[in-house]
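Inspection log for the structure reproduced underneath, given as structure tokens.
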Amino acid sequence: MARGIEVYYNDEVEQFYRTEKIEGVRLKSAQKMDCDAIIVAAGTIPTTQLAREAGLQCNRGVEVNDYLQTSDPDIFACGEIAEWKKQMWGITAAAEQQAEVVAKFLAGDLSSFYKGSLSMNLLKMHGLNLCSLGVIEIPAGSTDYEEVTFIDKAKHYYKKCIIQNDRLVGAILIGDKSEFLEFKDLIANGIELSEKRLALLRSGKQSEPVLGKLVCSCNSVGQGNLENAIKGGCTDFAQLCQKTGAGTGCGSCRP
């Protein structure tokens, strides 16, 4: 509400008013709302026509095995078009992980295979921090999951952590995403929380301010932050990403 945004739950748009220029919408609840613009977030569907014509096995995407091979072992698929064990990822980081597996396989390394990627969503809106990682809701009927939440209304902060077998498997951060990188590592590596459990209840840690031109919008890392890390002796690209958090979200800033 502080941003002039009002959210309507359990409803959906049923009808648009006017054709040449939008004037309003009607919701299924019968409420009419005047508006002059509509934003539709509908996701994407992979274009698999060429793969189907080539005789490759397709479902929602092009089906691949643990080495990203399609039904034709001489053809590989990576990125948003690749469907691995009925799962698909639409982030650059996943495509890079898949490409690394393919490169190692072609070089003769059969011990490195794809194990899936961590699902994550980051809202890129100036001044509004929101991200989710992994499992964000306890699966229906499950009894081996725990939910830990922290809310600070005064600071507009909300954190929800999903835990299974003393391991963090998912989280939602609103208002402060400074723990994104730490949580990502905990989930991706399946690290036992043990003494970190209580740390999950804290209200986040102080994040470093953005210095210079913004480079990574996922984790709010500026050119100055990267330059300072390099001046401090960090010269390896992978280490630079881990130290600053740049490129560890969607991965689109890594180039």
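Residue numbering restarts at 1 in every chain; chains get A, B, ... in the order shown in the structure tokens, and ligands count up from 1 in that same order.
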Which neighbours of range 58-64 of chain A fall inside 6 Å, counting only C-alpha atoms, when residues of the same chain fewer than 5 positions from it are skipped, and could you give them as a ChimeraX atom specification?
/A:69-70,81-84
Every residue of range 100-188 of chain A that DSSP places in strand (DSSP E), as a VMD selection string
chain A and resid 120 to 125 128 to 134 145 to 152 157 to 164 167 to 174
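Of the listed residues (A:Val221, A:Ala154, A:Leu68, A:Leu173), A:Val221 comes nearest to Cys253 in chain A; the distances count only C-alpha atoms.
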Near-Asp36 in chain A list (9 Å; only C-alpha atoms; drop same-chain fewer than 4 positions) as number ranges by chain:
A: 21-24
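Proximity of A:Val7, A:Leu200, A:Leu181, A:Ala94 to Cys131 in chain A, computed with only C-alpha atoms, is greatest for A:Leu181.
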Please measure the separation of CA of Glu182 in chain A and CA of Lys196 in chain A, giving the value in Å to one decimal.
11.1 Å
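Residue nearest Glu208 in chain A, chosen from A:Gln239, A:Gly245, A:Ala99, A:Thr92 and counting only C-alpha atoms: A:Gly245.
Distances from A:Thr244, A:Cys218, A:Cys234, A:Asp152 to Gly127 in chain A were compared using only C-alpha atoms, and the smallest one belongs to A:Cys218.
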note - CA of Ser178 in chain A and CA of Tyr157 in chain A are separated by 11.8 Å
Excluding range 25-34 of chain A and any residue of its chain fewer than 2 positions from it, enumerate the residues within 7 Å of it, using only C-alpha atoms, and give them as a list in words.
Asp11, Glu12, Val13, Glu14, Gln15, Phe16, Tyr17 and Glu23 of chain A
Export of prior selection with N, CA and C atoms as an mmCIF file, in the first residue's frame:
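Everything below was put into selection39.cif:
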```
data_model
loop_
_atom_site.group_PDB
_atom_site.id
_atom_site.type_symbol
_atom_site.label_atom_id
_atom_site.label_comp_id
_atom_site.auth_asym_id
_atom_site.auth_seq_id
_atom_site.Cartn_x
_atom_site.Cartn_y
_atom_site.Cartn_z
ATOM 1 N N ASP A 11 -8.609 -14.028 -7.341
ATOM 2 C CA ASP A 11 -9.465 -13.435 -8.366
ATOM 3 C C ASP A 11 -8.691 -13.460 -9.680
ATOM 4 N N GLU A 12 -9.350 -13.181 -10.771
ATOM 5 C CA GLU A 12 -8.670 -13.127 -12.065
ATOM 6 C C GLU A 12 -9.482 -12.304 -13.050
ATOM 7 N N VAL A 13 -8.797 -11.825 -14.080
ATOM 8 C CA VAL A 13 -9.447 -11.001 -15.091
ATOM 9 C C VAL A 13 -10.324 -11.874 -15.978
ATOM 10 N N GLU A 14 -11.566 -11.438 -16.162
ATOM 11 C CA GLU A 14 -12.508 -12.206 -16.978
ATOM 12 C C GLU A 14 -12.851 -11.498 -18.286
ATOM 13 N N GLN A 15 -12.804 -10.162 -18.271
ATOM 14 C CA GLN A 15 -13.228 -9.427 -19.457
ATOM 15 C C GLN A 15 -12.475 -8.101 -19.573
ATOM 16 N N PHE A 16 -12.166 -7.739 -20.819
ATOM 17 C CA PHE A 16 -11.524 -6.446 -21.099
ATOM 18 C C PHE A 16 -12.559 -5.499 -21.692
ATOM 19 N N TYR A 17 -12.441 -4.199 -21.398
ATOM 20 C CA TYR A 17 -13.343 -3.200 -21.952
ATOM 21 C C TYR A 17 -12.634 -2.383 -23.028
ATOM 22 N N GLU A 23 -9.721 0.400 -21.452
ATOM 23 C CA GLU A 23 -10.311 1.353 -20.508
ATOM 24 C C GLU A 23 -10.592 0.729 -19.150
#
```
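Proximity to Glu147 in chain A was assessed for A:Ile38, A:Cys78, A:Leu198, A:Ile163 counting only C-alpha atoms; the smallest distance is recorded for A:Ile163.
In terms of minimum interatomic distance to Thr44 in chain A, A:Glu80 ranks closest within A:Asp236, A:Asp72, A:Glu146, A:Glu80, counting only C-alpha atoms.
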